[in-house]
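Remarks on the structure that follows.
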Amino acid sequence: MENKKSGNRLRATTISMGLALFAAQFGAGNLIFPPFLGRNTGSGWLIGFLGFFIMDVGLAAAAVLSVVANRKGSIDGVVGKMGNKAGKIMMIVIILCLGPGVCIPRTAATTYEMGIHLLLPWMPQWVFSAIFFGATLALVIRPTKVVDIIGNVLTPILLAVMVFLIILGIVHPISSPVAIPDSVPIHDGILNGYQTLDGLGGVLMTLMLITAAAGHGFTDKKDVTKLIAGADTISAVLLALVYGGLTYLGATVSGIKAFAGLEQAPLLIAITNKLMGGYGVIALTVIILMACLTTAIGLSSVAGNYFEEASEGKLKYKPVVITVIAVSFAMSNFGLSTIISVAAPILGILYPPLIVLVVMAFFDRKITNDRIAGCAAYFALFASIIETVGLPGTLGSIVAAMPLAEYGLGWILPAVVGGVVGAFIPAKKPEFNVAEGAVFTEAEAE
């Protein structure tokens with residue numbers, strides 16, 4: 001009977017964590033990509049979506065699992081192969097960009113511009129931002145409750161409205177998808193999926209799940225691994241269904257001239273209004289509000305957890321999240337476009353080496369020479385800098401001519417070369433210290 005109760009509790013916690021992970025990963029920024037992809041690929045929307053799924057949901061899911069797949073069972077076990085200090089610096093930069101630098105401020109700004117301003121045009125942006133971040137702080141201040149609040153309360157609201165909109169678009173489609181001349185669906189899907197940069201947040205979101213698991217009394221290696229793997233699967237399935245549905249909705253307007261010239265956000269607004277009439281603005285506002293609020297909560301919690309772990313308790317969770325939210329509030333009201341223009345290239349540069357490290361984490365127990373993953377990541381970083389900055393001359397031409405460069409993946413071959421180079425560099429003597437954010441103890445990791 002005790003085992004049955006324990007199993008039921010494990011399943012219930014897995015479902016709650018899976019719903020929370022889905023909502024935290026499903027930001028309003030990603031909400032606008034699938035309909036745009038569907039509109040641009042028309043009758044080839046399914047192929048385009050498959051490319052999008054692999055490069056967006058697939059990478060994000062792999063990033064989550066990579067934290068428990070490596071030998072150390074920690075974030076340091078993923079990024080530490082570039083060197084302890086280099087790995088920490090990379091994660092700090094990513095957190096600052098994904099957190100108060102861009103993504104968290106953008107959640108409030110996006111909700112206001114795409115929803116609240118249309119519904120309540122008399123409300124100033126700073127007033128809404130104050131309310132939005134006040135709610136975020138109230139819901140994130142207790143780290144062990146973050147997943148429960150997102151998974152059990154906010155996600156069902158988000159899913160209910162999203163599912164209703166998608167079903168409405170399937171049962172009563174606006175029109176039928178048409179063939180788009182010169183469209184290469186797989187190319188568009190891969191490019192759109194890659195540009196969402198969702199894999200960057202996947203590694204960090206695992207911290208939120210680890211804290212939630214501990215809050216529910218699960219600390220055993222097998223239980224935590226099972227919880228995270230289960231939650232990751234639930235999130236990936238839900239993301240696939242929602243993104244797939246939104247891509248189809250975009251495809252249904254591919255032959256209508258009135259939708260042809262619209263950018264991502266106006267396109268989504270137009271589709272929603274066409275399907276739901278006067279209620280479209282209300283439905284879209286609820287969707288965006290829930291998507292943005294859950295993302296803001298998740299990223300704030302991740303920042304608090306990481307800095308507390310990385311500083312070995314010197315920086316406490318609550319002061320960190322208060323600071324993050326205060327800075328995010330300020331950024332959401334002024335200078336956001338400048339911050340995005342600075343942070344976006346930084347994230348673009350750091351994405352390739354992190355992808356390399358995430359992939360290598362799954363081979364961590366077979367490839368024990370950390371130089372291989374480390375050198376591969378550094379070569380990917382070097383190529384990514386050249387690709388992102390757009391350096392003229394020989395180096396720029398070489399990277400531009402690399403296989404898959406048209407997808408923004410010109411760094412893959414340099415990463416492979418880097419891995420081969422690393423194989424000839426003697427490995428460091430293994431050190432098994434429990435690192436920041438570790439899921440398991442030293443004994444369990446073995």
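By order of appearance in the structure tokens: chains A, B, ..., then residues from 1 within every chain, and ligands from 1 in the order shown.
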Determine, counting only C-alpha atoms, which protein, DNA and RNA residues have an atom within 8 Å of an atom of A:Pro143; residues of the same chain fewer than 6 positions away are not included. Present the result as a list in words.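 Once the adjacent positions are removed, what remains is Met208, Thr211, Ala212, Ser301, Asn305 and Tyr317 of chain A.
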Set the distance at 8 Å and use only C-alpha atoms: which residues neighbour A:Lys318 once local chain neighbours fewer than 4 positions away are removed? I'd like the list as an MDAnalysis selection string. chainID A and resid 141:142 304 322
Next item on the list: For A:Thr206, please output as a PyMOL selection string all residues within 12 Å (counting only C-alpha atoms; exclusion window: fewer than 6 positions along the same chain).
Entry: chain A and resi 17-18+20-21+24-25+60-69+73-75+147+199-200+212-213+224-225+227-229+231-232+298-299+301-303+305-306+437-439
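Coordinates place atom CA of A:Ala376 at a distance of 29.0 Å from atom CA of A:Phe49.
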List the neighbours of A:Phe363 out to 12 Å using only C-alpha atoms; skip same-chain residues closer than 3 positions along the sequence, and give me the result as a ChimeraX atom specification. /A:66,69-71,77-78,356-360,366-370,372-373
Selection to disk with all heavy atoms, as a compact mmCIF listing (two decimals), in the first residue's frame:
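Done, and the output landed in part_38.txt:
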# COMPACT_ATOMS: atom_id res chain seq x y z
N SER A 66 19.92 16.93 -20.15
CA SER A 66 21.38 16.91 -20.10
C SER A 66 21.91 17.11 -18.68
O SER A 66 22.99 16.64 -18.34
CB SER A 66 21.96 17.99 -21.03
OG SER A 66 21.70 19.30 -20.53
N ALA A 69 21.78 13.79 -17.12
CA ALA A 69 22.43 12.75 -17.92
C ALA A 69 23.94 12.71 -17.71
O ALA A 69 24.57 11.68 -17.91
CB ALA A 69 22.14 12.96 -19.41
N ASN A 70 24.54 13.84 -17.29
CA ASN A 70 26.00 13.86 -17.15
C ASN A 70 26.46 13.22 -15.84
O ASN A 70 25.66 12.98 -14.93
CB ASN A 70 26.53 15.30 -17.26
CG ASN A 70 26.10 16.17 -16.10
OD1 ASN A 70 26.66 16.13 -15.01
ND2 ASN A 70 25.07 16.99 -16.32
N ARG A 71 27.75 12.95 -15.73
CA ARG A 71 28.29 12.22 -14.58
C ARG A 71 28.09 12.94 -13.26
O ARG A 71 27.88 12.31 -12.22
CB ARG A 71 29.79 11.95 -14.78
CG ARG A 71 30.12 11.08 -15.98
CD ARG A 71 31.56 10.62 -15.99
NE ARG A 71 32.53 11.68 -15.89
CZ ARG A 71 33.02 12.36 -16.92
NH1 ARG A 71 32.59 12.09 -18.14
NH2 ARG A 71 33.92 13.30 -16.74
N GLY A 77 28.18 20.04 -14.60
CA GLY A 77 28.57 18.87 -15.38
C GLY A 77 28.33 19.05 -16.86
O GLY A 77 28.92 18.35 -17.68
N VAL A 78 27.47 20.01 -17.22
CA VAL A 78 27.21 20.32 -18.63
C VAL A 78 28.20 21.35 -19.15
O VAL A 78 28.90 21.13 -20.14
CB VAL A 78 25.76 20.84 -18.84
CG1 VAL A 78 25.52 21.19 -20.31
CG2 VAL A 78 24.75 19.80 -18.37
N VAL A 356 26.41 22.22 -28.16
CA VAL A 356 27.47 21.21 -28.20
C VAL A 356 27.60 20.54 -26.83
O VAL A 356 27.67 19.30 -26.73
CB VAL A 356 28.82 21.85 -28.60
CG1 VAL A 356 29.97 20.85 -28.39
CG2 VAL A 356 28.79 22.30 -30.05
N LEU A 357 27.62 21.33 -25.78
CA LEU A 357 27.79 20.79 -24.43
C LEU A 357 26.59 19.95 -24.01
O LEU A 357 26.74 18.93 -23.32
CB LEU A 357 28.00 21.95 -23.44
CG LEU A 357 29.30 22.74 -23.63
CD1 LEU A 357 29.30 23.98 -22.76
CD2 LEU A 357 30.52 21.87 -23.31
N VAL A 358 25.39 20.36 -24.41
CA VAL A 358 24.18 19.60 -24.11
C VAL A 358 24.24 18.24 -24.79
O VAL A 358 23.97 17.20 -24.17
CB VAL A 358 22.92 20.38 -24.55
CG1 VAL A 358 21.70 19.45 -24.62
CG2 VAL A 358 22.63 21.53 -23.60
N VAL A 359 24.57 18.21 -26.07
CA VAL A 359 24.66 16.95 -26.81
C VAL A 359 25.72 16.04 -26.21
O VAL A 359 25.50 14.83 -26.00
CB VAL A 359 24.97 17.22 -28.30
CG1 VAL A 359 25.27 15.91 -29.03
CG2 VAL A 359 23.79 17.93 -28.97
N MET A 360 26.88 16.62 -25.88
CA MET A 360 27.98 15.81 -25.34
C MET A 360 27.65 15.27 -23.95
O MET A 360 28.20 14.24 -23.54
CB MET A 360 29.25 16.65 -25.28
CG MET A 360 29.82 17.02 -26.64
SD MET A 360 30.20 15.58 -27.68
CE MET A 360 31.51 14.80 -26.74
N LYS A 366 30.45 7.71 -21.53
CA LYS A 366 31.25 6.96 -22.50
C LYS A 366 32.51 7.74 -22.89
O LYS A 366 33.60 7.17 -23.01
CB LYS A 366 30.43 6.67 -23.76
CG LYS A 366 29.19 5.81 -23.52
CD LYS A 366 29.57 4.38 -23.17
CE LYS A 366 28.32 3.51 -23.03
NZ LYS A 366 28.68 2.12 -22.63
N ILE A 367 32.35 9.06 -23.10
CA ILE A 367 33.48 9.92 -23.47
C ILE A 367 33.94 10.65 -22.22
O ILE A 367 33.39 11.69 -21.85
CB ILE A 367 33.08 10.92 -24.57
CG1 ILE A 367 32.54 10.16 -25.79
CG2 ILE A 367 34.26 11.79 -24.96
CD1 ILE A 367 32.00 11.07 -26.89
N THR A 368 34.90 10.11 -21.53
CA THR A 368 35.31 10.66 -20.24
C THR A 368 36.37 11.75 -20.33
O THR A 368 36.69 12.40 -19.34
CB THR A 368 35.84 9.52 -19.33
OG1 THR A 368 36.91 8.85 -20.00
CG2 THR A 368 34.73 8.54 -19.01
N ASN A 369 36.94 11.93 -21.52
CA ASN A 369 37.91 13.01 -21.73
C ASN A 369 37.15 14.31 -21.98
O ASN A 369 36.63 14.55 -23.07
CB ASN A 369 38.82 12.68 -22.91
CG ASN A 369 39.91 13.75 -23.10
OD1 ASN A 369 39.93 14.78 -22.42
ND2 ASN A 369 40.82 13.51 -24.03
N ASP A 370 37.08 15.17 -20.96
CA ASP A 370 36.33 16.42 -21.07
C ASP A 370 36.90 17.39 -22.09
O ASP A 370 36.24 18.34 -22.51
CB ASP A 370 36.26 17.11 -19.70
CG ASP A 370 35.35 16.37 -18.73
OD1 ASP A 370 34.62 15.47 -19.18
OD2 ASP A 370 35.38 16.71 -17.53
N ILE A 372 37.43 16.81 -25.14
CA ILE A 372 36.72 16.64 -26.41
C ILE A 372 35.52 17.60 -26.47
O ILE A 372 35.37 18.38 -27.41
CB ILE A 372 36.26 15.18 -26.59
CG1 ILE A 372 37.48 14.26 -26.69
CG2 ILE A 372 35.36 15.03 -27.82
CD1 ILE A 372 37.14 12.79 -26.75
N ALA A 373 34.68 17.54 -25.44
CA ALA A 373 33.51 18.43 -25.40
C ALA A 373 33.95 19.88 -25.27
O ALA A 373 33.36 20.78 -25.90
CB ALA A 373 32.60 18.05 -24.24
Note to self: Give me, as a PyMOL selection string, all polymer residues having an atom no more than 6 Å from stretch 408-424 of chain A, counting only C-alpha atoms and skipping those fewer than 6 positions away in the same chain.
What the structure shows: chain A and resi 371-372+375-376+379-380+383-384+399+402
- Message: So, with only C-alpha atoms as the atoms that count, which of A:Val79, A:Ala400, A:Ala283, A:Ala260 lies closest to A:Ala361?
- Response: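 When distances to A:Ala361 are compared using only C-alpha atoms, the smallest one comes from A:Val79.
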Next on the checklist: Please compute the atom CA of A:Thr323-atom CA of A:Val153 distance, one decimal, in Å.
Outcome noted: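 Rounded to one decimal, the two atoms are 25.3 Å apart.
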For A:Val281, find every residue with an atom within 8 Å (counting only C-alpha atoms), except residues of its own chain fewer than 4 positions away, and show them as a PyMOL selection string. chain A and resi 115+118-119+269+272-273+285
Store the residues picked out above, limited to all heavy atoms, as an mmCIF file, in the first residue's frame.
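Written out: result_37.cif:
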data_model
loop_
_atom_site.group_PDB
_atom_site.id
_atom_site.type_symbol
_atom_site.label_atom_id
_atom_site.label_comp_id
_atom_site.auth_asym_id
_atom_site.auth_seq_id
_atom_site.Cartn_x
_atom_site.Cartn_y
_atom_site.Cartn_z
ATOM 1 N N GLY A 115 -1.986 42.838 -25.754
ATOM 2 C CA GLY A 115 -3.255 42.505 -25.115
ATOM 3 C C GLY A 115 -3.880 43.638 -24.331
ATOM 4 O O GLY A 115 -4.923 44.176 -24.701
ATOM 5 N N LEU A 118 -4.806 46.937 -26.051
ATOM 6 C CA LEU A 118 -5.969 46.827 -26.931
ATOM 7 C C LEU A 118 -7.261 46.750 -26.126
ATOM 8 O O LEU A 118 -8.299 47.269 -26.547
ATOM 9 C CB LEU A 118 -5.841 45.574 -27.813
ATOM 10 C CG LEU A 118 -4.620 45.517 -28.739
ATOM 11 C CD1 LEU A 118 -4.573 44.172 -29.451
ATOM 12 C CD2 LEU A 118 -4.673 46.648 -29.758
ATOM 13 N N LEU A 119 -7.188 46.114 -24.962
ATOM 14 C CA LEU A 119 -8.372 45.903 -24.129
ATOM 15 C C LEU A 119 -8.643 47.099 -23.227
ATOM 16 O O LEU A 119 -9.802 47.514 -23.040
ATOM 17 C CB LEU A 119 -8.174 44.634 -23.286
ATOM 18 C CG LEU A 119 -9.416 43.873 -22.819
ATOM 19 C CD1 LEU A 119 -10.262 43.436 -23.996
ATOM 20 C CD2 LEU A 119 -8.998 42.672 -21.983
ATOM 21 N N ILE A 269 -2.856 38.247 -34.031
ATOM 22 C CA ILE A 269 -4.023 39.036 -33.612
ATOM 23 C C ILE A 269 -5.135 38.920 -34.660
ATOM 24 O O ILE A 269 -6.315 38.719 -34.325
ATOM 25 C CB ILE A 269 -3.626 40.516 -33.411
ATOM 26 C CG1 ILE A 269 -2.681 40.656 -32.215
ATOM 27 C CG2 ILE A 269 -4.868 41.385 -33.198
ATOM 28 C CD1 ILE A 269 -2.074 42.042 -32.058
ATOM 29 N N THR A 272 -6.774 35.402 -34.585
ATOM 30 C CA THR A 272 -7.629 35.246 -33.402
ATOM 31 C C THR A 272 -8.929 36.017 -33.564
ATOM 32 O O THR A 272 -10.017 35.510 -33.247
ATOM 33 C CB THR A 272 -6.890 35.727 -32.136
ATOM 34 O OG1 THR A 272 -5.633 35.078 -32.044
ATOM 35 C CG2 THR A 272 -7.701 35.419 -30.886
ATOM 36 N N ASN A 273 -8.843 37.244 -34.055
ATOM 37 C CA ASN A 273 -10.046 38.057 -34.253
ATOM 38 C C ASN A 273 -10.966 37.449 -35.304
ATOM 39 O O ASN A 273 -12.195 37.501 -35.182
ATOM 40 C CB ASN A 273 -9.661 39.483 -34.652
ATOM 41 C CG ASN A 273 -9.088 40.270 -33.486
ATOM 42 O OD1 ASN A 273 -9.328 39.944 -32.328
ATOM 43 N ND2 ASN A 273 -8.321 41.302 -33.784
ATOM 44 N N THR A 285 -5.581 38.121 -25.050
ATOM 45 C CA THR A 285 -5.016 38.752 -23.854
ATOM 46 C C THR A 285 -4.807 37.738 -22.745
ATOM 47 O O THR A 285 -3.764 37.726 -22.071
ATOM 48 C CB THR A 285 -5.937 39.882 -23.354
ATOM 49 O OG1 THR A 285 -6.076 40.871 -24.376
ATOM 50 C CG2 THR A 285 -5.360 40.541 -22.104
#
Could you list, as a PDB file with N, CA and C atoms, in the first residue's frame, every residue within 10 Å of A:Thr41, counting only C-alpha atoms and ignoring same-chain residues fewer than 3 positions away?
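Saved file out.pdb follows:
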ATOM      1  N   PRO A  35       2.351  30.456 -36.118  1.00  0.00           N
ATOM      2  CA  PRO A  35       1.404  30.924 -37.148  1.00  0.00           C
ATOM      3  C   PRO A  35       2.118  31.573 -38.336  1.00  0.00           C
ATOM      4  N   PHE A  36       3.187  32.295 -38.047  1.00  0.00           N
ATOM      5  CA  PHE A  36       3.975  32.942 -39.099  1.00  0.00           C
ATOM      6  C   PHE A  36       4.609  31.887 -40.010  1.00  0.00           C
ATOM      7  N   LEU A  37       5.125  30.822 -39.391  1.00  0.00           N
ATOM      8  CA  LEU A  37       5.705  29.721 -40.149  1.00  0.00           C
ATOM      9  C   LEU A  37       4.646  29.052 -41.015  1.00  0.00           C
ATOM     10  N   GLY A  38       3.462  28.803 -40.429  1.00  0.00           N
ATOM     11  CA  GLY A  38       2.381  28.167 -41.179  1.00  0.00           C
ATOM     12  C   GLY A  38       1.923  29.006 -42.355  1.00  0.00           C
ATOM     13  N   GLY A  44       2.684  23.079 -47.084  1.00  0.00           N
ATOM     14  CA  GLY A  44       3.852  22.347 -46.563  1.00  0.00           C
ATOM     15  C   GLY A  44       4.072  22.603 -45.083  1.00  0.00           C
ATOM     16  N   TRP A  45       3.022  23.032 -44.379  1.00  0.00           N
ATOM     17  CA  TRP A  45       3.161  23.436 -42.980  1.00  0.00           C
ATOM     18  C   TRP A  45       3.643  22.299 -42.064  1.00  0.00           C
ATOM     19  N   LEU A  46       3.225  21.074 -42.351  1.00  0.00           N
ATOM     20  CA  LEU A  46       3.606  19.955 -41.476  1.00  0.00           C
ATOM     21  C   LEU A  46       5.110  19.702 -41.538  1.00  0.00           C
ATOM     22  N   ILE A  47       5.692  19.763 -42.751  1.00  0.00           N
ATOM     23  CA  ILE A  47       7.150  19.579 -42.885  1.00  0.00           C
ATOM     24  C   ILE A  47       7.872  20.721 -42.178  1.00  0.00           C
ATOM     25  N   GLY A  48       7.357  21.936 -42.378  1.00  0.00           N
ATOM     26  CA  GLY A  48       7.961  23.088 -41.713  1.00  0.00           C
ATOM     27  C   GLY A  48       7.893  22.954 -40.207  1.00  0.00           C
ATOM     28  N   PHE A  49       6.754  22.467 -39.713  1.00  0.00           N
ATOM     29  CA  PHE A  49       6.599  22.298 -38.272  1.00  0.00           C
ATOM     30  C   PHE A  49       7.571  21.254 -37.721  1.00  0.00           C
ATOM     31  N   PRO A 177      -5.125  25.577 -46.547  1.00  0.00           N
ATOM     32  CA  PRO A 177      -3.716  25.859 -46.876  1.00  0.00           C
ATOM     33  C   PRO A 177      -3.479  25.747 -48.381  1.00  0.00           C
ATOM     34  N   VAL A 178      -2.654  26.629 -48.907  1.00  0.00           N
ATOM     35  CA  VAL A 178      -2.318  26.582 -50.327  1.00  0.00           C
ATOM     36  C   VAL A 178      -0.811  26.422 -50.493  1.00  0.00           C
ATOM     37  N   ALA A 179      -0.397  25.969 -51.660  1.00  0.00           N
ATOM     38  CA  ALA A 179       1.034  25.828 -51.949  1.00  0.00           C
ATOM     39  C   ALA A 179       1.661  27.207 -52.097  1.00  0.00           C
ATOM     40  N   ILE A 180       2.813  27.408 -51.453  1.00  0.00           N
ATOM     41  CA  ILE A 180       3.522  28.682 -51.529  1.00  0.00           C
ATOM     42  C   ILE A 180       4.696  28.529 -52.497  1.00  0.00           C
ATOM     43  N   PRO A 181       4.703  29.296 -53.590  1.00  0.00           N
ATOM     44  CA  PRO A 181       5.808  29.189 -54.559  1.00  0.00           C
ATOM     45  C   PRO A 181       7.155  29.511 -53.918  1.00  0.00           C
ATOM     46  N   ASP A 182       8.173  28.752 -54.278  1.00  0.00           N
ATOM     47  CA  ASP A 182       9.550  28.957 -53.815  1.00  0.00           C
ATOM     48  C   ASP A 182       9.729  28.739 -52.306  1.00  0.00           C
ATOM     49  N   SER A 183       8.717  28.200 -51.653  1.00  0.00           N
ATOM     50  CA  SER A 183       8.831  27.928 -50.210  1.00  0.00           C
ATOM     51  C   SER A 183       9.606  26.630 -49.985  1.00  0.00           C
ATOM     52  N   VAL A 184      10.508  26.651 -49.003  1.00  0.00           N
ATOM     53  CA  VAL A 184      11.238  25.442 -48.601  1.00  0.00           C
ATOM     54  C   VAL A 184      10.879  25.207 -47.132  1.00  0.00           C
ATOM     55  N   PRO A 185       9.793  24.475 -46.863  1.00  0.00           N
ATOM     56  CA  PRO A 185       9.258  24.353 -45.508  1.00  0.00           C
ATOM     57  C   PRO A 185      10.268  23.909 -44.457  1.00  0.00           C
ATOM     58  N   ILE A 186      11.090  22.891 -44.783  1.00  0.00           N
ATOM     59  CA  ILE A 186      12.039  22.392 -43.782  1.00  0.00           C
ATOM     60  C   ILE A 186      13.061  23.464 -43.434  1.00  0.00           C
ATOM     61  N   HIS A 187      13.464  24.251 -44.407  1.00  0.00           N
ATOM     62  CA  HIS A 187      14.406  25.344 -44.186  1.00  0.00           C
ATOM     63  C   HIS A 187      13.786  26.382 -43.249  1.00  0.00           C
ATOM     64  N   ASP A 188      12.547  26.802 -43.557  1.00  0.00           N
ATOM     65  CA  ASP A 188      11.862  27.803 -42.730  1.00  0.00           C
ATOM     66  C   ASP A 188      11.638  27.289 -41.318  1.00  0.00           C
ATOM     67  N   GLY A 189      11.266  26.010 -41.202  1.00  0.00           N
ATOM     68  CA  GLY A 189      11.010  25.439 -39.880  1.00  0.00           C
ATOM     69  C   GLY A 189      12.253  25.392 -39.022  1.00  0.00           C
ATOM     70  N   THR A 247       0.672  26.360 -35.958  1.00  0.00           N
ATOM     71  CA  THR A 247       1.236  26.348 -37.308  1.00  0.00           C
ATOM     72  C   THR A 247       0.135  26.086 -38.333  1.00  0.00           C
ATOM     73  N   TYR A 248      -0.767  25.167 -38.009  1.00  0.00           N
ATOM     74  CA  TYR A 248      -1.889  24.882 -38.908  1.00  0.00           C
ATOM     75  C   TYR A 248      -2.796  26.097 -39.067  1.00  0.00           C
ATOM     76  N   GLY A 250      -1.966  29.163 -38.952  1.00  0.00           N
ATOM     77  CA  GLY A 250      -1.285  30.065 -39.875  1.00  0.00           C
ATOM     78  C   GLY A 250      -1.404  29.590 -41.306  1.00  0.00           C
ATOM     79  N   ALA A 251      -1.332  28.270 -41.500  1.00  0.00           N
ATOM     80  CA  ALA A 251      -1.423  27.715 -42.853  1.00  0.00           C
ATOM     81  C   ALA A 251      -2.793  27.960 -43.481  1.00  0.00           C
ATOM     82  N   SER A 254      -2.869  31.101 -45.543  1.00  0.00           N
ATOM     83  CA  SER A 254      -1.754  31.271 -46.485  1.00  0.00           C
ATOM     84  C   SER A 254      -2.207  31.748 -47.867  1.00  0.00           C
TER      85      SER A 254
END
Which of stretch 58-301 of chain A DSSP labels alpha helix (DSSP H), written as a PyMOL selection string:
chain A and resi 59-69+75-79+84-96+103-111+117-119+125-140+146-149+155-171+185-195+198-215+221-251+257-260+264-276+280-301
